[in-house]
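Note sheet for the following structure.
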Amino acid sequence: MKIAIAGGTGFVGKKLTDYLLEKGNEVLILSRTKKDSTKSGLKYVEWMTEEAAPEQELDGINAFINLAGKSINDRWTEESKKQIARSRVKTTREVYRIIDNLKKKPEVLINASAVGIYGTSEEETFTEESRPNAADFLSETVIKWEKEAAKISELGVRTVFTRFGIILGEKGALPSIVLPYKLFAGGTVGSGTQWVSWIHINDVVKLIDFLLHKKTIEGPVNAASPNPVQMKDFGKTVAKVLHRPHWIPAPSFALKLALGEKSILVLEGQRVIPKVALENHFQFSHPVLEEALSDILKST
C-alpha cells in the first residue's frame with residue numbers, strides 16, 4: 001500500500017512508520033520541513049507551509065493516517081489549551097482539503113482520537129457505542145477533532161477514529177509514571193480507584209495496520225487493552241515488574257498544585273473496552289498489564 005502519515009515523526013508515528021515499511025508498504029510522511037530519507041520506501045512531503053502543495057505528491061495513495069496535533073504533555077495554560085485544540089482542528093481541515101483535491105481518493109482515513117471523549121467515571125464501562133460526553137477540556141477537544149474528521153467520510157472515504165488509551169512504550173507517559181518507582185518513591189496516585197485504559201505501543205501499530213485492511217470497520221474504534229486496571233493496581237504492577245516498593249502515595253491535592261488542570265490525566269479516567277477490535281477478532285499481543293510492562297521495561 002501507499003500510505004500518507006501526518007504526525008509521522010512523533011512517538012506513535014515513528015513506530016508505525018517502521019512497522020509499515022517492514023511490511024513492504026510505501027510511506028509518505030507529511031512534514032513542515034523538507035528533508036531527505038535514507039530508508040527505502042520512505043519519503044517526506046512538505047505540508048502546512050505557504051509553499052507546500054502536498055496533494056501533487058500524494059495522488060494515488062491508498063490510505064491516509066492522521067496523527068498530527070500539539071502534544072498534551074505541556075502545562076495547560078489557557079493559551080496552550082487553545083493551541084492543543086486548534087492544532088488538531090487545523091491539521092484535520094488540511095487533511096480534508098488535501099483529500100478533496102486528490103483525483104483519486106484514498107480508500108481509508110484513520111484519524112487519531114482518544115478515550116477521553118467519553119469523559120471520566122469510576123463506575124461506567126465505555127465501548128464504541130457509548131455517547132461522547134463534553135465534560136472537560138480533553139473530551140471537548142476530542143469531540144471537535146472527530147467532528148472535523150467525520151467530514152472526510154462525506155468525500156466517500158472510509159473513516160475510522162482510533163480512540164487511544166494511555167499508550168505504553170519507551171516514550172510517552174510511561175517514563176514519568178515509572179520514574180518514582182526507580183527512585184524507590186512510588187505509590188498510589190490520587191485515590192487509586194480511577195481507571196487506566198492502556199495499550200502497548202506494539203498493539204497500537206498492529207491495530208492501525210489491521211484497520212487499514214479491515215474494510216468493514218468504520219467510525220470509532222477503541223485502541224485500548226481489553227483489560228483496563230485501576231490506578232492502584234497499575235502502580236502495584238509497575239512496582240512488581242521493577243522489583244521496587246509501592247508505598248509513598250501521591251495525594252490528589254499535591255498533584256493538582258503541581259500539574260494544575262492537567263492533573264485530570266492521572267487523577268481521573270475511564271474504563272474502556274475495545275469492543276470493535278474484539279468482535280472483529282483482532283489479536284492483542286500484550287493484553288495483560290504485567291506482561292506488557294515486563295516487555296517494555298525489561299531493558300531498563
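By order of appearance in the C-alpha cells: chains A, B, ..., then residues from 1 within every chain, and ligands from 1 in the order shown.
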Exercise: stretch 216-220 of chain A partners within 6 Å, only C-alpha atoms, chain neighbours under 2 positions left out, as a list in words: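 Skipping anything fewer than 2 positions along the chain leaves Glu128, Thr159, Val160, Phe161 and Lys214 of chain A.
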For the residues in that selection, give me N, CA, C and O atoms as a tab-separated table (two decimals), in the first residue's frame.
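Once written, out-v4.tsv looks like this:
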```
chain	number	residue	atom	x	y	z
A	128	GLU	N	-17.46	1.55	22.11
A	128	GLU	CA	-17.65	2.47	20.99
A	128	GLU	C	-19.11	2.92	20.86
A	128	GLU	O	-19.39	3.92	20.18
A	159	THR	N	-13.83	6.17	7.03
A	159	THR	CA	-13.17	6.96	8.06
A	159	THR	C	-13.27	6.25	9.41
A	159	THR	O	-14.35	5.86	9.85
A	160	VAL	N	-12.11	6.10	10.05
A	160	VAL	CA	-12.01	5.40	11.33
A	160	VAL	C	-11.40	6.34	12.36
A	160	VAL	O	-10.41	7.03	12.09
A	161	PHE	N	-12.01	6.39	13.55
A	161	PHE	CA	-11.46	7.19	14.65
A	161	PHE	C	-10.82	6.24	15.67
A	161	PHE	O	-11.53	5.52	16.37
A	214	LYS	N	-9.09	-3.91	7.14
A	214	LYS	CA	-10.43	-4.42	7.50
A	214	LYS	C	-11.49	-3.45	6.98
A	214	LYS	O	-11.92	-2.51	7.65
```
Within stretch 17-111 of chain A, find each residue whose DSSP state, derived from the backbone, is strand (DSSP E or B), and express the selection as a PyMOL selection string. chain A and resi 26-31+42-46+63-66+108-111
Would you output that residue set with all heavy atoms, as a compact mmCIF listing (two decimals), in the first residue's frame?
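So result00.txt came out as:
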```
# COMPACT_ATOMS: atom_id res chain seq x y z
N GLU A 26 4.77 1.53 1.05
CA GLU A 26 5.42 2.80 0.74
C GLU A 26 4.80 3.86 1.66
O GLU A 26 3.57 3.96 1.74
CB GLU A 26 5.19 3.18 -0.72
CG GLU A 26 5.84 4.48 -1.14
CD GLU A 26 5.56 4.85 -2.59
OE1 GLU A 26 4.96 4.01 -3.31
OE2 GLU A 26 5.90 5.97 -2.99
N VAL A 27 5.64 4.61 2.37
CA VAL A 27 5.15 5.57 3.36
C VAL A 27 5.60 6.98 2.99
O VAL A 27 6.78 7.22 2.74
CB VAL A 27 5.64 5.22 4.78
CG1 VAL A 27 5.17 6.26 5.78
CG2 VAL A 27 5.15 3.83 5.19
N LEU A 28 4.64 7.90 2.98
CA LEU A 28 4.93 9.31 2.75
C LEU A 28 4.58 10.08 4.02
O LEU A 28 3.41 10.10 4.42
CB LEU A 28 4.12 9.85 1.56
CG LEU A 28 4.40 9.19 0.21
CD1 LEU A 28 3.42 8.04 -0.03
CD2 LEU A 28 4.30 10.19 -0.93
N ILE A 29 5.57 10.69 4.65
CA ILE A 29 5.34 11.42 5.89
C ILE A 29 5.20 12.91 5.58
O ILE A 29 6.07 13.52 4.95
CB ILE A 29 6.50 11.20 6.88
CG1 ILE A 29 6.50 9.75 7.35
CG2 ILE A 29 6.38 12.14 8.07
CD1 ILE A 29 7.58 9.43 8.36
N LEU A 30 4.10 13.49 6.03
CA LEU A 30 3.88 14.92 5.85
C LEU A 30 4.67 15.68 6.91
O LEU A 30 4.55 15.40 8.11
CB LEU A 30 2.39 15.24 5.97
CG LEU A 30 1.50 14.51 4.95
CD1 LEU A 30 0.05 14.89 5.14
CD2 LEU A 30 1.94 14.83 3.54
N SER A 31 5.49 16.63 6.47
CA SER A 31 6.39 17.34 7.37
C SER A 31 6.40 18.83 7.03
O SER A 31 6.24 19.21 5.86
CB SER A 31 7.81 16.76 7.23
OG SER A 31 8.74 17.52 7.95
N LEU A 42 10.49 5.20 2.03
CA LEU A 42 10.05 6.34 2.84
C LEU A 42 10.36 7.66 2.15
O LEU A 42 11.48 7.87 1.67
CB LEU A 42 10.74 6.31 4.21
CG LEU A 42 10.45 7.48 5.16
CD1 LEU A 42 8.97 7.52 5.52
CD2 LEU A 42 11.30 7.36 6.43
N LYS A 43 9.37 8.54 2.13
CA LYS A 43 9.55 9.86 1.52
C LYS A 43 8.88 10.91 2.40
O LYS A 43 7.83 10.65 2.99
CB LYS A 43 8.92 9.87 0.12
CG LYS A 43 9.07 11.20 -0.61
CD LYS A 43 8.43 11.13 -2.00
CE LYS A 43 8.60 12.44 -2.75
NZ LYS A 43 7.97 12.39 -4.10
N TYR A 44 9.50 12.08 2.50
CA TYR A 44 8.92 13.20 3.24
C TYR A 44 8.28 14.18 2.26
O TYR A 44 8.87 14.52 1.24
CB TYR A 44 9.99 13.91 4.07
CG TYR A 44 10.48 13.08 5.24
CD1 TYR A 44 11.55 12.22 5.10
CD2 TYR A 44 9.85 13.15 6.48
CE1 TYR A 44 12.00 11.44 6.17
CE2 TYR A 44 10.28 12.39 7.56
CZ TYR A 44 11.36 11.53 7.39
OH TYR A 44 11.78 10.77 8.44
N VAL A 45 7.08 14.63 2.60
CA VAL A 45 6.32 15.55 1.77
C VAL A 45 6.01 16.79 2.58
O VAL A 45 5.47 16.69 3.69
CB VAL A 45 5.01 14.90 1.26
CG1 VAL A 45 4.18 15.91 0.48
CG2 VAL A 45 5.31 13.67 0.43
N GLU A 46 6.32 17.96 2.08
CA GLU A 46 6.10 19.20 2.82
C GLU A 46 4.61 19.55 2.86
O GLU A 46 3.90 19.42 1.87
CB GLU A 46 6.89 20.34 2.16
CG GLU A 46 6.87 21.63 2.96
CD GLU A 46 7.72 22.72 2.33
OE1 GLU A 46 8.26 22.50 1.23
OE2 GLU A 46 7.83 23.81 2.94
N ALA A 63 -4.15 5.02 1.50
CA ALA A 63 -4.63 5.30 2.86
C ALA A 63 -3.99 6.56 3.40
O ALA A 63 -2.87 6.93 3.01
CB ALA A 63 -4.31 4.12 3.77
N PHE A 64 -4.70 7.22 4.30
CA PHE A 64 -4.21 8.43 4.97
C PHE A 64 -4.35 8.20 6.47
O PHE A 64 -5.43 7.83 6.94
CB PHE A 64 -5.04 9.64 4.53
CG PHE A 64 -4.33 10.96 4.63
CD1 PHE A 64 -4.27 11.81 3.54
CD2 PHE A 64 -3.72 11.37 5.81
CE1 PHE A 64 -3.62 13.04 3.62
CE2 PHE A 64 -3.07 12.58 5.90
CZ PHE A 64 -3.02 13.42 4.80
N ILE A 65 -3.27 8.40 7.22
CA ILE A 65 -3.31 8.27 8.67
C ILE A 65 -2.97 9.62 9.28
O ILE A 65 -1.90 10.18 9.01
CB ILE A 65 -2.30 7.20 9.16
CG1 ILE A 65 -2.63 5.84 8.54
CG2 ILE A 65 -2.32 7.12 10.68
CD1 ILE A 65 -1.57 4.80 8.77
N ASN A 66 -3.88 10.15 10.08
CA ASN A 66 -3.68 11.48 10.68
C ASN A 66 -3.43 11.36 12.17
O ASN A 66 -4.35 11.09 12.95
CB ASN A 66 -4.89 12.37 10.42
CG ASN A 66 -4.72 13.76 11.03
OD1 ASN A 66 -3.60 14.23 11.22
ND2 ASN A 66 -5.82 14.41 11.33
N VAL A 108 -9.18 4.78 2.70
CA VAL A 108 -9.46 4.88 4.13
C VAL A 108 -8.67 6.02 4.76
O VAL A 108 -7.53 6.29 4.37
CB VAL A 108 -9.13 3.54 4.85
CG1 VAL A 108 -7.68 3.15 4.66
CG2 VAL A 108 -9.47 3.61 6.33
N LEU A 109 -9.29 6.69 5.72
CA LEU A 109 -8.62 7.63 6.61
C LEU A 109 -8.70 7.06 8.01
O LEU A 109 -9.78 6.73 8.50
CB LEU A 109 -9.28 9.00 6.59
CG LEU A 109 -8.86 9.93 7.76
CD1 LEU A 109 -7.44 10.46 7.54
CD2 LEU A 109 -9.84 11.07 7.97
N ILE A 110 -7.54 6.94 8.66
CA ILE A 110 -7.51 6.59 10.09
C ILE A 110 -7.08 7.83 10.84
O ILE A 110 -5.97 8.33 10.66
CB ILE A 110 -6.56 5.41 10.35
CG1 ILE A 110 -7.09 4.17 9.63
CG2 ILE A 110 -6.43 5.15 11.85
CD1 ILE A 110 -6.25 2.94 9.80
N ASN A 111 -7.98 8.35 11.64
CA ASN A 111 -7.74 9.61 12.34
C ASN A 111 -7.55 9.35 13.84
O ASN A 111 -8.37 8.67 14.46
CB ASN A 111 -8.91 10.57 12.14
CG ASN A 111 -8.53 12.01 12.40
OD1 ASN A 111 -7.97 12.68 11.54
ND2 ASN A 111 -8.83 12.51 13.59
```
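Between atom CA of A:Gln283 and atom CA of A:Thr120 the separation is 27.0 Å.
Remark: for A:Asp100, the closest of the candidate residues A:Ala134, A:Leu155, A:Ala85, A:Leu21 is A:Leu155 (distances computed over only C-alpha atoms).
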Can you list, as a list in words, every protein, DNA or RNA residue that comes within 9 Å of stretch 49-56 of chain A when you count only C-alpha atoms, leaving out same-chain residues fewer than 3 positions away?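 The residues that qualify are Leu30, Arg32, Thr33, Val45, Glu46, Asp59, Arg97, Ile98, Ile99, Asn101 and Leu102 of chain A.
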For the residues selected in the previous step, produce a file with C-alpha atoms as a PDB file, in the first residue's frame.
```pdb
ATOM      1  CA  LEU A  30       3.880  14.923   5.850  1.00  0.00           C
ATOM      2  CA  ARG A  32       6.666  21.097   7.821  1.00  0.00           C
ATOM      3  CA  THR A  33      10.318  20.949   6.732  1.00  0.00           C
ATOM      4  CA  VAL A  45       6.321  15.552   1.769  1.00  0.00           C
ATOM      5  CA  GLU A  46       6.099  19.201   2.818  1.00  0.00           C
ATOM      6  CA  ASP A  59      -2.095  11.381  -5.644  1.00  0.00           C
ATOM      7  CA  ARG A  97      -8.508  19.847   1.798  1.00  0.00           C
ATOM      8  CA  ILE A  98      -5.789  17.541   0.502  1.00  0.00           C
ATOM      9  CA  ILE A  99      -8.110  14.557   0.068  1.00  0.00           C
ATOM     10  CA  ASN A 101      -8.202  17.838  -4.143  1.00  0.00           C
ATOM     11  CA  LEU A 102      -6.921  14.367  -4.959  1.00  0.00           C
TER      12      LEU A 102
END
```
Atom CA of A:His286 and atom CA of A:Leu207 are how many Å apart?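 Atom-to-atom, atom CA of A:His286 to atom CA of A:Leu207, that is 11.9 Å.
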With distances taken over only C-alpha atoms, which residue among A:Val241, A:Ile72, A:Val115, A:Ile166 lies nearest A:Glu261?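 Among the listed residues, the smallest separation from A:Glu261 belongs to A:Ile72.
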When you look at A:Gly165 with a cut-off of 7 Å (counting only C-alpha atoms), what residues show up, excluding the ones that are within fewer than 6 positions of it in the same chain? I need them as a PDB file with N, CA, C and O atoms, in the first residue's frame.
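Everything below was put into part-v2.pdb:
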```pdb
ATOM      1  N   ALA A 114      -9.102   9.876  21.058  1.00  0.00           N
ATOM      2  CA  ALA A 114      -8.718   9.475  22.412  1.00  0.00           C
ATOM      3  C   ALA A 114      -9.929   9.014  23.211  1.00  0.00           C
ATOM      4  O   ALA A 114     -11.054   9.483  22.986  1.00  0.00           O
ATOM      5  N   VAL A 115      -9.690   8.116  24.163  1.00  0.00           N
ATOM      6  CA  VAL A 115     -10.780   7.622  25.009  1.00  0.00           C
ATOM      7  C   VAL A 115     -11.324   8.727  25.906  1.00  0.00           C
ATOM      8  O   VAL A 115     -12.411   8.570  26.490  1.00  0.00           O
ATOM      9  N   SER A 197      -7.123   3.032  31.192  1.00  0.00           N
ATOM     10  CA  SER A 197      -7.298   2.267  29.967  1.00  0.00           C
ATOM     11  C   SER A 197      -6.027   2.433  29.150  1.00  0.00           C
ATOM     12  O   SER A 197      -5.733   3.521  28.659  1.00  0.00           O
ATOM     13  N   TRP A 198      -5.274   1.370  29.020  1.00  0.00           N
ATOM     14  CA  TRP A 198      -3.911   1.426  28.495  1.00  0.00           C
ATOM     15  C   TRP A 198      -3.788   0.513  27.269  1.00  0.00           C
ATOM     16  O   TRP A 198      -4.636  -0.338  27.022  1.00  0.00           O
ATOM     17  N   ILE A 199      -2.688   0.689  26.525  1.00  0.00           N
ATOM     18  CA  ILE A 199      -2.396  -0.189  25.389  1.00  0.00           C
ATOM     19  C   ILE A 199      -0.902  -0.148  25.109  1.00  0.00           C
ATOM     20  O   ILE A 199      -0.267   0.904  25.197  1.00  0.00           O
ATOM     21  N   ALA A 223      -8.802   1.979  20.915  1.00  0.00           N
ATOM     22  CA  ALA A 223      -7.458   1.415  20.884  1.00  0.00           C
ATOM     23  C   ALA A 223      -6.971   1.318  22.324  1.00  0.00           C
ATOM     24  O   ALA A 223      -6.239   2.169  22.827  1.00  0.00           O
ATOM     25  N   ALA A 224      -7.416   0.280  22.996  1.00  0.00           N
ATOM     26  CA  ALA A 224      -7.088   0.057  24.403  1.00  0.00           C
ATOM     27  C   ALA A 224      -7.091  -1.436  24.667  1.00  0.00           C
ATOM     28  O   ALA A 224      -7.789  -2.191  23.982  1.00  0.00           O
TER      29      ALA A 224
END
```
Residues within 9 Å of stretch 247-256 of chain A, please, as a list in words. Count only C-alpha atoms; anything in the same chain fewer than 5 positions from it doesn't count.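 Once the adjacent positions are removed, what remains is Phe184, Ala185, Gly186, Gly187, Thr188, Val189, Gly190, Ser191, Glu261, Lys262, Ser263, Ile264, Val266 and Leu267 of chain A.
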Between A:Ala292, A:Met1, A:Ala258, A:Ala149, which has the minimum distance to A:Leu174 (counting only C-alpha atoms)? A:Ala292
Nearest residue to A:Phe126 out of A:Asn25, A:Asn222, A:Ser153, A:Thr162, using only C-alpha atoms?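 Checking each of A:Asn25, A:Asn222, A:Ser153, A:Thr162 against A:Phe126, counting only C-alpha atoms, the winner is A:Asn222.
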Report as a ChimeraX atom specification: the residues of stretch 40-246 of chain A with a DSSP assignment of alpha helix (DSSP H), based on the backbone of this structure. /A:55-58,78-101,137-153,174-182,201-213,231-242
Would you mind telling me which residue in A:Pro226, A:Gly116, A:Pro180, A:Gly192 lies nearest to A:Arg163 when using only C-alpha atoms?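 Ranked by minimum distance to A:Arg163, first place goes to A:Gly116.
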Residue nearest A:Gly169 among A:Lys82, A:Lys298, A:Arg88, A:Lys39 (counting only C-alpha atoms):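 Looking at the shortest contact to A:Gly169, the residue is A:Lys298.
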Shell of 6 Å around stretch 229-232 of chain A, only C-alpha atoms, local chain residues under 3 positions omitted, as an MDAnalysis selection string: chainID A and resid 188 192:196 235
In Å, with one decimal, what is the gap from atom CA of A:Glu291 to atom CA of A:His213? 27.6 Å
